[in-house]
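Next comes work.cif, a file with mmCIF, C-alpha atoms.
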data_my_file
loop_
_atom_site.label_atom_id
_atom_site.label_comp_id
_atom_site.auth_asym_id
_atom_site.auth_seq_id
_atom_site.Cartn_x
_atom_site.Cartn_y
_atom_site.Cartn_z
CA MET A 841 0.00 0.00 0.00
CA ASP A 842 1.34 3.43 -0.98
CA LEU A 843 0.50 5.72 1.95
CA THR A 844 1.32 8.80 -0.15
CA LYS A 845 -1.85 8.14 -2.17
CA LYS A 846 -3.93 8.38 1.02
CA ILE A 847 -2.90 12.00 1.63
CA ARG A 848 -5.04 14.77 0.13
CA THR A 849 -3.44 18.07 -0.89
CA ILE A 850 -5.60 21.17 -0.28
CA PRO A 851 -4.30 24.24 -2.13
CA ASN A 852 -4.21 27.61 -0.30
CA PHE A 853 -5.01 26.27 3.20
CA PRO A 854 -4.75 27.67 5.82
CA LYS A 855 -3.55 30.58 3.73
CA GLU A 856 -2.73 31.56 0.12
CA GLY A 857 0.23 29.73 -1.36
CA ILE A 858 0.29 26.78 1.10
CA MET A 859 -0.30 23.30 -0.36
CA PHE A 860 -1.76 21.75 2.81
CA LYS A 861 -1.18 18.03 3.33
CA ASP A 862 -4.50 16.73 4.68
CA ILE A 863 -3.87 13.51 6.62
CA THR A 864 -7.55 12.95 7.55
CA THR A 865 -8.07 10.87 4.39
CA LEU A 866 -5.35 8.52 5.61
CA LEU A 867 -6.60 8.42 9.21
CA GLN A 868 -10.17 7.56 8.21
CA ASP A 869 -8.95 4.69 5.99
CA ALA A 870 -8.62 1.82 8.48
CA PRO A 871 -5.95 -0.24 6.66
CA ALA A 872 -3.89 2.89 5.86
CA PHE A 873 -4.09 4.16 9.46
CA ARG A 874 -3.03 0.75 10.73
CA LYS A 875 -0.16 0.49 8.27
CA ALA A 876 1.13 3.96 9.20
CA ILE A 877 1.22 3.05 12.89
CA ASP A 878 2.72 -0.39 12.23
CA ASP A 879 5.47 1.06 10.03
CA LEU A 880 6.44 3.60 12.71
CA VAL A 881 6.41 0.95 15.44
CA GLU A 882 8.47 -1.44 13.30
CA TYR A 883 11.14 1.20 12.60
CA PHE A 884 11.91 1.65 16.31
CA MET A 885 11.23 -1.97 17.35
CA LYS A 886 13.88 -3.19 14.90
CA LYS A 887 16.41 -1.04 16.75
CA ASP A 888 15.31 -2.62 20.02
CA LEU A 889 14.47 0.80 21.45
CA HIS A 890 12.40 1.10 24.60
CA PHE A 891 10.34 4.19 25.41
CA ASP A 892 8.99 5.21 28.81
CA LYS A 893 6.98 8.12 27.40
CA VAL A 894 5.60 9.28 24.08
CA VAL A 895 5.24 13.06 23.81
CA SER A 896 2.99 14.80 21.26
CA THR A 897 1.66 18.29 20.58
CA GLU A 898 -2.02 19.15 20.23
CA ALA A 899 -4.09 18.47 18.33
CA ARG A 900 -3.11 16.30 15.35
CA GLY A 901 0.04 15.03 17.07
CA PHE A 902 -2.15 13.33 19.70
CA ILE A 903 -3.66 11.02 17.07
CA LEU A 904 -0.46 9.16 16.22
CA GLY A 905 1.34 9.72 19.53
CA SER A 906 -1.25 8.07 21.72
CA VAL A 907 -1.37 4.91 19.59
CA LEU A 908 2.43 4.71 19.62
CA ALA A 909 2.40 5.11 23.42
CA TYR A 910 -0.07 2.24 23.71
CA GLU A 911 1.92 0.02 21.33
CA PHE A 912 5.23 0.71 23.09
CA HIS A 913 3.64 0.19 26.56
CA ALA A 914 4.67 3.76 27.35
CA GLY A 915 2.89 6.64 29.07
CA PHE A 916 1.42 9.37 26.88
CA VAL A 917 2.35 13.01 27.53
CA PRO A 918 0.37 15.80 25.81
CA LEU A 919 2.07 19.13 25.04
CA ARG A 920 -0.57 21.82 24.96
CA LYS A 921 -1.11 25.47 24.10
CA PRO A 922 -0.55 27.84 27.06
CA GLY A 923 -3.26 27.70 29.71
CA LYS A 924 -4.66 24.31 28.71
CA LEU A 925 -2.71 22.10 31.13
CA PRO A 926 -4.14 22.46 34.65
CA SER A 927 -1.11 21.75 36.86
CA GLU A 928 2.40 23.22 37.08
CA THR A 929 4.08 23.59 33.66
CA ILE A 930 7.13 24.86 31.82
CA LYS A 931 6.74 26.67 28.49
CA GLN A 932 8.66 26.78 25.20
CA GLU A 933 8.01 29.27 22.39
CA PHE A 934 8.54 28.22 18.78
CA LYS A 935 8.01 29.26 15.17
CA THR A 936 5.76 27.24 12.87
CA GLU A 937 5.51 27.39 9.10
CA TYR A 938 2.76 29.98 9.63
CA SER A 939 3.32 31.84 12.93
CA THR A 940 4.92 32.06 16.39
CA ASP A 941 3.35 30.03 19.17
CA ALA A 942 4.13 28.22 22.43
CA PHE A 943 3.63 24.85 24.06
CA GLU A 944 3.60 23.76 27.70
CA ILE A 945 4.38 20.48 29.42
CA HIS A 946 3.47 19.41 32.95
CA LYS A 947 6.59 19.51 35.12
CA ASP A 948 5.82 16.05 36.50
CA ALA A 949 5.23 14.48 33.07
CA ILE A 950 8.79 13.25 32.51
CA GLU A 951 11.20 11.84 35.07
CA LYS A 952 14.94 12.36 34.79
CA GLY A 953 16.56 9.81 32.49
CA GLU A 954 13.35 8.52 30.94
CA SER A 955 13.51 7.37 27.33
CA VAL A 956 11.17 9.48 25.19
CA LEU A 957 9.69 9.20 21.70
CA VAL A 958 8.56 12.54 20.28
CA CYS A 959 5.74 12.23 17.76
CA ASP A 960 4.02 14.71 15.45
CA ASP A 961 1.99 14.44 12.27
CA LEU A 962 4.26 16.67 10.16
CA ILE A 963 7.88 17.80 9.84
CA ALA A 964 7.76 21.16 8.07
CA THR A 965 10.24 23.71 9.44
CA ALA A 966 10.43 21.51 12.59
CA GLY A 967 9.74 24.41 14.96
CA THR A 968 7.16 22.36 16.86
CA LEU A 969 9.42 19.33 17.09
CA ARG A 970 12.37 21.45 18.25
CA ALA A 971 10.17 22.94 21.01
CA SER A 972 8.95 19.47 22.00
CA ILE A 973 12.51 18.15 22.26
CA ASP A 974 13.59 21.19 24.29
CA LEU A 975 10.73 20.71 26.77
CA VAL A 976 11.53 17.01 27.22
CA GLU A 977 15.24 17.71 27.71
CA LYS A 978 14.59 20.55 30.18
CA LEU A 979 12.80 17.97 32.35
CA GLY A 980 15.76 15.58 32.05
CA GLY A 981 14.23 13.18 29.54
CA LYS A 982 16.30 11.56 26.78
CA VAL A 983 14.82 11.84 23.27
CA ASN A 984 15.63 8.49 21.67
CA GLY A 985 13.35 8.81 18.66
CA ILE A 986 11.19 11.12 16.57
CA ALA A 987 8.21 9.73 14.67
CA CYS A 988 6.29 11.61 11.99
CA LEU A 989 3.80 10.75 9.30
CA VAL A 990 4.66 13.41 6.70
CA GLU A 991 7.91 15.28 6.03
CA LEU A 992 8.27 18.31 3.73
CA THR A 993 11.97 17.69 3.08
CA PHE A 994 12.34 20.86 0.94
CA LEU A 995 11.77 22.97 4.10
CA LYS A 996 14.90 21.37 5.61
CA GLY A 997 13.38 20.91 9.06
CA ARG A 998 15.95 18.20 9.87
CA ASP A 999 18.60 20.93 10.13
CA LYS A 1000 16.88 22.04 13.37
CA ILE A 1001 16.81 18.55 14.87
CA LYS A 1002 20.19 17.10 13.95
CA GLY A 1003 21.54 14.12 15.87
CA TYR A 1004 18.16 12.54 16.60
CA ASP A 1005 16.82 9.29 15.17
CA ILE A 1006 13.96 10.43 12.93
CA CYS A 1007 11.42 8.22 11.16
CA SER A 1008 9.04 9.91 8.71
CA LEU A 1009 6.86 7.78 6.46
CA ILE A 1010 5.79 10.07 3.61
CA LYS A 1011 8.23 12.57 2.11
CA TYR A 1012 7.59 15.47 -0.27
CA ASP A 1013 10.72 16.95 -1.84
CA LYS A 1014 8.93 19.94 -3.37
CA GLU A 1015 5.78 22.04 -2.86
CA GLU A 1016 3.17 20.03 -4.82
CA MET B 37 -5.66 -1.29 39.55
CA ASP B 38 -8.06 1.46 40.59
CA LEU B 39 -8.04 3.96 37.70
CA THR B 40 -9.82 6.55 39.86
CA LYS B 41 -6.61 6.95 41.87
CA LYS B 42 -4.75 7.91 38.69
CA ILE B 43 -6.93 11.00 38.14
CA ARG B 44 -5.83 14.30 39.69
CA THR B 45 -8.42 16.87 40.76
CA ILE B 46 -7.43 20.52 40.20
CA PRO B 47 -9.69 22.96 42.10
CA ASN B 48 -10.92 26.11 40.31
CA PHE B 49 -9.72 25.17 36.81
CA PRO B 50 -10.41 26.45 34.17
CA LYS B 51 -12.53 28.76 36.33
CA GLU B 52 -13.60 29.35 39.93
CA GLY B 53 -15.78 26.60 41.38
CA ILE B 54 -14.85 23.85 38.89
CA MET B 55 -13.14 20.75 40.29
CA PHE B 56 -11.24 19.84 37.12
CA LYS B 57 -10.56 16.14 36.53
CA ASP B 58 -7.01 16.05 35.17
CA ILE B 59 -6.52 12.83 33.19
CA THR B 60 -2.89 13.54 32.25
CA THR B 61 -1.69 11.72 35.38
CA LEU B 62 -3.47 8.60 34.11
CA LEU B 63 -2.26 8.98 30.51
CA GLN B 64 1.39 9.35 31.52
CA ASP B 65 1.20 6.21 33.69
CA ALA B 66 1.85 3.44 31.14
CA PRO B 67 0.02 0.57 32.90
CA ALA B 68 -2.95 2.82 33.76
CA PHE B 69 -3.21 4.14 30.19
CA ARG B 70 -3.06 0.60 28.87
CA LYS B 71 -5.68 -0.65 31.30
CA ALA B 72 -8.06 2.20 30.42
CA ILE B 73 -7.83 1.39 26.71
CA ASP B 74 -8.11 -2.37 27.30
CA ASP B 75 -11.18 -1.96 29.54
CA LEU B 76 -12.95 0.16 26.90
CA VAL B 77 -12.05 -2.28 24.13
CA GLU B 78 -13.18 -5.27 26.22
CA TYR B 79 -16.57 -3.68 26.96
CA PHE B 80 -17.46 -3.45 23.26
CA MET B 81 -15.62 -6.62 22.16
CA LYS B 82 -17.70 -8.69 24.58
CA LYS B 83 -20.81 -7.47 22.76
CA ASP B 84 -19.25 -8.56 19.47
CA LEU B 85 -19.62 -5.03 18.10
CA HIS B 86 -17.75 -4.01 14.96
CA PHE B 87 -16.87 -0.39 14.21
CA ASP B 88 -15.94 1.08 10.82
CA LYS B 89 -15.02 4.46 12.30
CA VAL B 90 -14.10 5.97 15.64
CA VAL B 91 -15.03 9.64 15.97
CA SER B 92 -13.48 12.00 18.55
CA THR B 93 -13.37 15.72 19.29
CA GLU B 94 -10.18 17.75 19.64
CA ALA B 95 -8.00 17.78 21.53
CA ARG B 96 -8.21 15.36 24.50
CA GLY B 97 -10.75 13.14 22.73
CA PHE B 98 -8.13 12.30 20.10
CA ILE B 99 -5.92 10.60 22.70
CA LEU B 100 -8.31 7.76 23.50
CA GLY B 101 -10.21 7.74 20.20
CA SER B 102 -7.21 7.08 17.98
CA VAL B 103 -6.06 4.12 20.07
CA LEU B 104 -9.56 2.65 20.03
CA ALA B 105 -9.68 3.10 16.23
CA TYR B 106 -6.40 1.22 15.91
CA GLU B 107 -7.53 -1.56 18.25
CA PHE B 108 -10.88 -2.00 16.48
CA HIS B 109 -9.21 -1.91 13.02
CA ALA B 110 -11.38 1.13 12.27
CA GLY B 111 -10.67 4.46 10.61
CA PHE B 112 -10.20 7.50 12.84
CA VAL B 113 -12.29 10.63 12.25
CA PRO B 114 -11.36 13.89 14.03
CA LEU B 115 -14.06 16.45 14.84
CA ARG B 116 -12.46 19.87 14.98
CA LYS B 117 -13.16 23.48 15.89
CA PRO B 118 -14.50 25.58 12.98
CA GLY B 119 -11.90 26.40 10.33
CA LYS B 120 -9.45 23.66 11.28
CA LEU B 121 -10.55 20.96 8.81
CA PRO B 122 -9.34 21.82 5.32
CA SER B 123 -11.97 20.18 3.09
CA GLU B 124 -15.78 20.39 2.88
CA THR B 125 -17.46 20.13 6.30
CA ILE B 126 -20.76 20.27 8.16
CA LYS B 127 -20.98 22.06 11.51
CA GLN B 128 -22.81 21.47 14.81
CA GLU B 129 -23.03 23.98 17.65
CA PHE B 130 -23.17 22.76 21.26
CA LYS B 131 -23.00 23.87 24.87
CA THR B 132 -20.18 22.70 27.13
CA GLU B 133 -19.99 22.86 30.90
CA TYR B 134 -18.25 26.21 30.43
CA SER B 135 -19.39 27.85 27.13
CA THR B 136 -21.02 27.56 23.69
CA ASP B 137 -18.87 26.21 20.89
CA ALA B 138 -19.03 24.31 17.60
CA PHE B 139 -17.42 21.32 15.91
CA GLU B 140 -17.05 20.37 12.27
CA ILE B 141 -16.70 17.03 10.47
CA HIS B 142 -15.49 16.38 6.94
CA LYS B 143 -18.47 15.47 4.75
CA ASP B 144 -16.60 12.48 3.32
CA ALA B 145 -15.50 11.16 6.73
CA ILE B 146 -18.43 8.79 7.26
CA GLU B 147 -20.25 6.71 4.68
CA LYS B 148 -23.96 5.93 4.95
CA GLY B 149 -24.62 2.93 7.19
CA GLU B 150 -21.16 2.77 8.73
CA SER B 151 -20.92 1.59 12.34
CA VAL B 152 -19.43 4.32 14.52
CA LEU B 153 -17.93 4.48 18.00
CA VAL B 154 -17.97 8.00 19.47
CA CYS B 155 -15.21 8.60 21.99
CA ASP B 156 -14.40 11.47 24.34
CA ASP B 157 -12.39 11.85 27.53
CA LEU B 158 -15.25 13.15 29.67
CA ILE B 159 -19.03 13.01 30.00
CA ALA B 160 -20.03 16.19 31.83
CA THR B 161 -23.22 17.78 30.48
CA ALA B 162 -22.69 15.69 27.30
CA GLY B 163 -23.00 18.70 24.98
CA THR B 164 -19.89 17.68 23.06
CA LEU B 165 -21.01 14.07 22.78
CA ARG B 166 -24.49 15.10 21.62
CA ALA B 167 -22.95 17.29 18.91
CA SER B 168 -20.64 14.43 17.86
CA ILE B 169 -23.55 12.00 17.58
CA ASP B 170 -25.59 14.55 15.60
CA LEU B 171 -22.74 15.09 13.11
CA VAL B 172 -22.28 11.34 12.60
CA GLU B 173 -26.00 10.77 12.11
CA LYS B 174 -26.34 13.70 9.69
CA LEU B 175 -23.81 11.91 7.48
CA GLY B 176 -25.79 8.65 7.72
CA GLY B 177 -23.55 6.87 10.22
CA LYS B 178 -24.94 4.60 12.95
CA VAL B 179 -23.64 5.31 16.46
CA ASN B 180 -23.28 1.84 18.00
CA GLY B 181 -21.24 2.85 21.01
CA ILE B 182 -19.97 5.71 23.15
CA ALA B 183 -16.68 5.36 25.05
CA CYS B 184 -15.50 7.74 27.76
CA LEU B 185 -12.85 7.72 30.44
CA VAL B 186 -14.54 9.89 33.07
CA GLU B 187 -18.22 10.57 33.77
CA LEU B 188 -19.56 13.27 36.10
CA THR B 189 -22.84 11.47 36.74
CA PHE B 190 -24.22 14.28 38.92
CA LEU B 191 -24.40 16.51 35.80
CA LYS B 192 -26.83 13.99 34.27
CA GLY B 193 -25.23 14.10 30.81
CA ARG B 194 -26.78 10.72 29.97
CA ASP B 195 -30.17 12.41 29.74
CA LYS B 196 -28.96 14.07 26.52
CA ILE B 197 -27.71 10.83 24.93
CA LYS B 198 -30.43 8.32 25.83
CA GLY B 199 -30.71 5.09 23.88
CA TYR B 200 -27.00 4.73 23.13
CA ASP B 201 -24.66 2.08 24.50
CA ILE B 202 -22.33 4.07 26.78
CA CYS B 203 -19.21 2.81 28.52
CA SER B 204 -17.50 5.16 31.00
CA LEU B 205 -14.73 3.84 33.23
CA ILE B 206 -14.48 6.31 36.11
CA LYS B 207 -17.58 7.82 37.65
CA TYR B 208 -17.95 10.76 40.05
CA ASP B 209 -21.38 11.08 41.64
CA LYS B 210 -20.68 14.47 43.24
CA GLU B 211 -18.42 17.51 42.79
CA GLU B 212 -15.28 16.48 44.67
#
Mind converting the file's structure to structure tokens?
Amino acid sequence: MDLTKKIRTIPNFPKEGIMFKDITTLLQDAPAFRKAIDDLVEYFMKKDLHFDKVVSTEARGFILGSVLAYEFHAGFVPLRKPGKLPSETIKQEFKTEYSTDAFEIHKDAIEKGESVLVCDDLIATAGTLRASIDLVEKLGGKVNGIACLVELTFLKGRDKIKGYDICSLIKYDKEE
Amino acid sequence: MDLTKKIRTIPNFPKEGIMFKDITTLLQDAPAFRKAIDDLVEYFMKKDLHFDKVVSTEARGFILGSVLAYEFHAGFVPLRKPGKLPSETIKQEFKTEYSTDAFEIHKDAIEKGESVLVCDDLIATAGTLRASIDLVEKLGGKVNGIACLVELTFLKGRDKIKGYDICSLIKYDKEE
């Protein structure tokens, strides 16, 4: 099955000039959704990696991250927009493809030395992923893997997250 | 394992007088997260129910809903705040415990006659769940189950969603 064919491109969303990669067509296709998860799990399983926590940003990141947490017998840690997490947090600002924003993590979400998988739906400029990694590391966690569904390689997001073990399933090498 | 003990209550969040049920302490606890998912799956498996789609609202609903979709070999359908879904949608307004809001679903997310599990983290006044059910039924889907982690039974949300097969794992019968 070619997962690329399950992605729908929406021109000019959320703003003029962006070719938005809509993953909902993949998620709602049961065999495609299952294959995406299984491929991500297999990539890290083959390396015999163990994760204590899977960390994802709201909202689309939660969809893949929580399944990976379940499959790896790990805890799931949501990173949320400021003010959404109810207990004590630390915050990290970041730039996205479209704007500047921030995410928070609960201070008690990661214990020192825990092995963490960071998961998001998309690697674009990797601002969100960089912020996620920084939050995990500030709490003393060790990021042993990064899992993504789609990567826009022409935006060179990997330059921001060098040295990490990154698995992305569907790559676009130009705006299309 | 008593899942109730994994929930943290945060007084006066997001506003004065609300005893907020923080599920992040359960999600980040790997065995508790796994047990919650397994208990929800078992409830519907025992009834030999099959689901084509699992539908959840952003953002916390995605965390449980996507794992249930994976486990039931179903597609996952996100309901999102207005303007977030990139293709053609229908919209449903609803009242939450705190405010009035709206959710959208992609028109092509559910096919007529499909068996649907609706999943959310919390049953409070059930405004969100009612809106989710309405969106699924407008597209011709059949809601054959509702799965939730926490239920505030004293808010009598079930009155709004009578006639559906509801499984909630952790019940609070008073504000505490």
Work out how far apart atom CA of Lys178 of chain B and atom CA of Lys846 of chain A are and give it in Å to one decimal.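 Rounded to one decimal, the two atoms are 24.5 Å apart.
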Using the chain letters and residue numbers of this document, give as a PyMOL selection string the residues selected by the PyMOL selection byres ((chain B) within 7 of (chain A)). chain B and resi 46+49+63-66+69-70+94-95+98-99+102-103+106+109-113+122+145
Can you translate the PyMOL selection byres ((chain A and resi 1009) around 7) into the concrete residues it hits in this file, as a ChimeraX atom specification? /A:988-990,1007-1008,1010-1011
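Here atom CA of Ile1001 of chain A stands at a distance of 29.1 Å from atom CA of Met841 of chain A.
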Using all atoms listed in the file, which protein or nucleic acid residues come within 12 Å of Ser939 of chain A? Drop anything in the same chain fewer than 4 positions from it, and give the result as a PDB file with C-alpha atoms, keeping the file's coordinate frame.
ATOM      1  CA  PRO A 854      -4.750  27.670   5.820  1.00  0.00           C
ATOM      2  CA  LYS A 855      -3.550  30.580   3.730  1.00  0.00           C
ATOM      3  CA  GLU A 933       8.010  29.270  22.390  1.00  0.00           C
ATOM      4  CA  PHE A 934       8.540  28.220  18.780  1.00  0.00           C
ATOM      5  CA  LYS A 935       8.010  29.260  15.170  1.00  0.00           C
ATOM      6  CA  THR A 965      10.240  23.710   9.440  1.00  0.00           C
ATOM      7  CA  GLY A 967       9.740  24.410  14.960  1.00  0.00           C
ATOM      8  CA  THR A 968       7.160  22.360  16.860  1.00  0.00           C
TER       9      THR A 968
END
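Counting all atoms listed in the file and comparing B:Gly176, B:Gly181, B:Gly149, B:Gly53, the residue that lies closest to Ile202 of chain B is B:Gly181.
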Polymer residues at most 6 Å from (-23.8, 8.9, 13.9) by all atoms listed in the file, as a PDB file with C-alpha atoms, in the frame of the given file:
ATOM      1  CA  ILE B 169     -23.550  12.000  17.580  1.00  0.00           C
ATOM      2  CA  VAL B 172     -22.280  11.340  12.600  1.00  0.00           C
ATOM      3  CA  GLU B 173     -26.000  10.770  12.110  1.00  0.00           C
ATOM      4  CA  GLY B 177     -23.550   6.870  10.220  1.00  0.00           C
ATOM      5  CA  LYS B 178     -24.940   4.600  12.950  1.00  0.00           C
ATOM      6  CA  VAL B 179     -23.640   5.310  16.460  1.00  0.00           C
TER       7      VAL B 179
END
Determine the residue set returned by the PyMOL selection byres ((chain B and resi 211) around 7) for the present structure, and present it as a PyMOL selection string. chain B and resi 55+210+212
Okay, now the selection with C-alpha atoms, as a short mmCIF file (atom, residue, chain, number, x, y, z; two decimals), keeping the file's coordinate frame?
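Produced file selection-v8.cif, reproduced below:
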data_model
loop_
_atom_site.label_atom_id
_atom_site.label_comp_id
_atom_site.auth_asym_id
_atom_site.auth_seq_id
_atom_site.Cartn_x
_atom_site.Cartn_y
_atom_site.Cartn_z
CA MET B 55 -13.14 20.75 40.29
CA LYS B 210 -20.68 14.47 43.24
CA GLU B 212 -15.28 16.48 44.67
#
Go through A:Ile963, A:Ile930, A:Ile858, A:Leu979 and flag the residue nearest Glu951 of chain A, using only C-alpha atoms for the distances.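 Of the candidates, the smallest distance to Glu951 of chain A is held by A:Leu979.
Reported to one decimal place, the separation of atom CA of Lys148 of chain B from atom CA of Asn180 of chain B is 13.7 Å.
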What does segment 915-938 of chain A look like written to a file with N, CA and C atoms, as a PDB file, in the first residue's frame?
ATOM      1  N   GLY A 915       3.871   5.627  28.687  1.00  0.00           N
ATOM      2  CA  GLY A 915       2.893   6.638  29.071  1.00  0.00           C
ATOM      3  C   GLY A 915       2.770   7.672  27.964  1.00  0.00           C
ATOM      4  N   PHE A 916       1.611   8.337  27.896  1.00  0.00           N
ATOM      5  CA  PHE A 916       1.418   9.373  26.883  1.00  0.00           C
ATOM      6  C   PHE A 916       1.422  10.743  27.548  1.00  0.00           C
ATOM      7  N   VAL A 917       2.211  11.664  26.971  1.00  0.00           N
ATOM      8  CA  VAL A 917       2.347  13.012  27.532  1.00  0.00           C
ATOM      9  C   VAL A 917       1.922  14.050  26.491  1.00  0.00           C
ATOM     10  N   PRO A 918       0.811  14.774  26.754  1.00  0.00           N
ATOM     11  CA  PRO A 918       0.374  15.802  25.811  1.00  0.00           C
ATOM     12  C   PRO A 918       1.087  17.134  26.062  1.00  0.00           C
ATOM     13  N   LEU A 919       1.589  17.745  24.985  1.00  0.00           N
ATOM     14  CA  LEU A 919       2.074  19.131  25.044  1.00  0.00           C
ATOM     15  C   LEU A 919       0.932  20.000  24.538  1.00  0.00           C
ATOM     16  N   ARG A 920       0.619  21.044  25.320  1.00  0.00           N
ATOM     17  CA  ARG A 920      -0.574  21.816  24.955  1.00  0.00           C
ATOM     18  C   ARG A 920      -0.295  23.306  24.851  1.00  0.00           C
ATOM     19  N   LYS A 921      -1.199  24.012  24.195  1.00  0.00           N
ATOM     20  CA  LYS A 921      -1.106  25.468  24.100  1.00  0.00           C
ATOM     21  C   LYS A 921      -1.195  26.067  25.509  1.00  0.00           C
ATOM     22  N   PRO A 922      -0.571  27.233  25.711  1.00  0.00           N
ATOM     23  CA  PRO A 922      -0.552  27.839  27.056  1.00  0.00           C
ATOM     24  C   PRO A 922      -1.944  27.946  27.687  1.00  0.00           C
ATOM     25  N   GLY A 923      -2.008  27.581  28.959  1.00  0.00           N
ATOM     26  CA  GLY A 923      -3.262  27.698  29.708  1.00  0.00           C
ATOM     27  C   GLY A 923      -4.155  26.480  29.658  1.00  0.00           C
ATOM     28  N   LYS A 924      -3.796  25.485  28.856  1.00  0.00           N
ATOM     29  CA  LYS A 924      -4.656  24.310  28.711  1.00  0.00           C
ATOM     30  C   LYS A 924      -4.342  23.217  29.733  1.00  0.00           C
ATOM     31  N   LEU A 925      -3.080  23.124  30.147  1.00  0.00           N
ATOM     32  CA  LEU A 925      -2.714  22.099  31.130  1.00  0.00           C
ATOM     33  C   LEU A 925      -2.971  22.661  32.534  1.00  0.00           C
ATOM     34  N   PRO A 926      -3.637  21.892  33.397  1.00  0.00           N
ATOM     35  CA  PRO A 926      -4.136  22.455  34.650  1.00  0.00           C
ATOM     36  C   PRO A 926      -3.131  22.519  35.795  1.00  0.00           C
ATOM     37  N   SER A 927      -2.050  21.754  35.735  1.00  0.00           N
ATOM     38  CA  SER A 927      -1.112  21.749  36.862  1.00  0.00           C
ATOM     39  C   SER A 927       0.142  22.559  36.493  1.00  0.00           C
ATOM     40  N   GLU A 928       1.214  22.395  37.284  1.00  0.00           N
ATOM     41  CA  GLU A 928       2.401  23.221  37.080  1.00  0.00           C
ATOM     42  C   GLU A 928       3.137  22.842  35.786  1.00  0.00           C
ATOM     43  N   THR A 929       3.485  23.851  34.977  1.00  0.00           N
ATOM     44  CA  THR A 929       4.077  23.592  33.658  1.00  0.00           C
ATOM     45  C   THR A 929       5.373  24.382  33.449  1.00  0.00           C
ATOM     46  N   ILE A 930       6.114  23.987  32.417  1.00  0.00           N
ATOM     47  CA  ILE A 930       7.130  24.864  31.823  1.00  0.00           C
ATOM     48  C   ILE A 930       6.727  25.107  30.370  1.00  0.00           C
ATOM     49  N   LYS A 931       7.209  26.230  29.806  1.00  0.00           N
ATOM     50  CA  LYS A 931       6.737  26.666  28.485  1.00  0.00           C
ATOM     51  C   LYS A 931       7.904  26.821  27.522  1.00  0.00           C
ATOM     52  N   GLN A 932       7.646  26.565  26.242  1.00  0.00           N
ATOM     53  CA  GLN A 932       8.657  26.777  25.197  1.00  0.00           C
ATOM     54  C   GLN A 932       7.993  27.462  24.010  1.00  0.00           C
ATOM     55  N   GLU A 933       8.526  28.616  23.597  1.00  0.00           N
ATOM     56  CA  GLU A 933       8.012  29.267  22.388  1.00  0.00           C
ATOM     57  C   GLU A 933       8.657  28.647  21.156  1.00  0.00           C
ATOM     58  N   PHE A 934       7.990  28.773  20.020  1.00  0.00           N
ATOM     59  CA  PHE A 934       8.540  28.222  18.778  1.00  0.00           C
ATOM     60  C   PHE A 934       7.913  28.924  17.590  1.00  0.00           C
ATOM     61  N   LYS A 935       8.570  28.755  16.424  1.00  0.00           N
ATOM     62  CA  LYS A 935       8.010  29.264  15.171  1.00  0.00           C
ATOM     63  C   LYS A 935       7.474  28.104  14.353  1.00  0.00           C
ATOM     64  N   THR A 936       6.279  28.255  13.785  1.00  0.00           N
ATOM     65  CA  THR A 936       5.761  27.237  12.870  1.00  0.00           C
ATOM     66  C   THR A 936       5.958  27.757  11.453  1.00  0.00           C
ATOM     67  N   GLU A 937       5.466  26.961  10.499  1.00  0.00           N
ATOM     68  CA  GLU A 937       5.511  27.386   9.098  1.00  0.00           C
ATOM     69  C   GLU A 937       4.707  28.679   8.942  1.00  0.00           C
ATOM     70  N   TYR A 938       3.721  28.885   9.817  1.00  0.00           N
ATOM     71  CA  TYR A 938       2.765  29.981   9.631  1.00  0.00           C
ATOM     72  C   TYR A 938       2.890  31.115  10.654  1.00  0.00           C
TER      73      TYR A 938
END
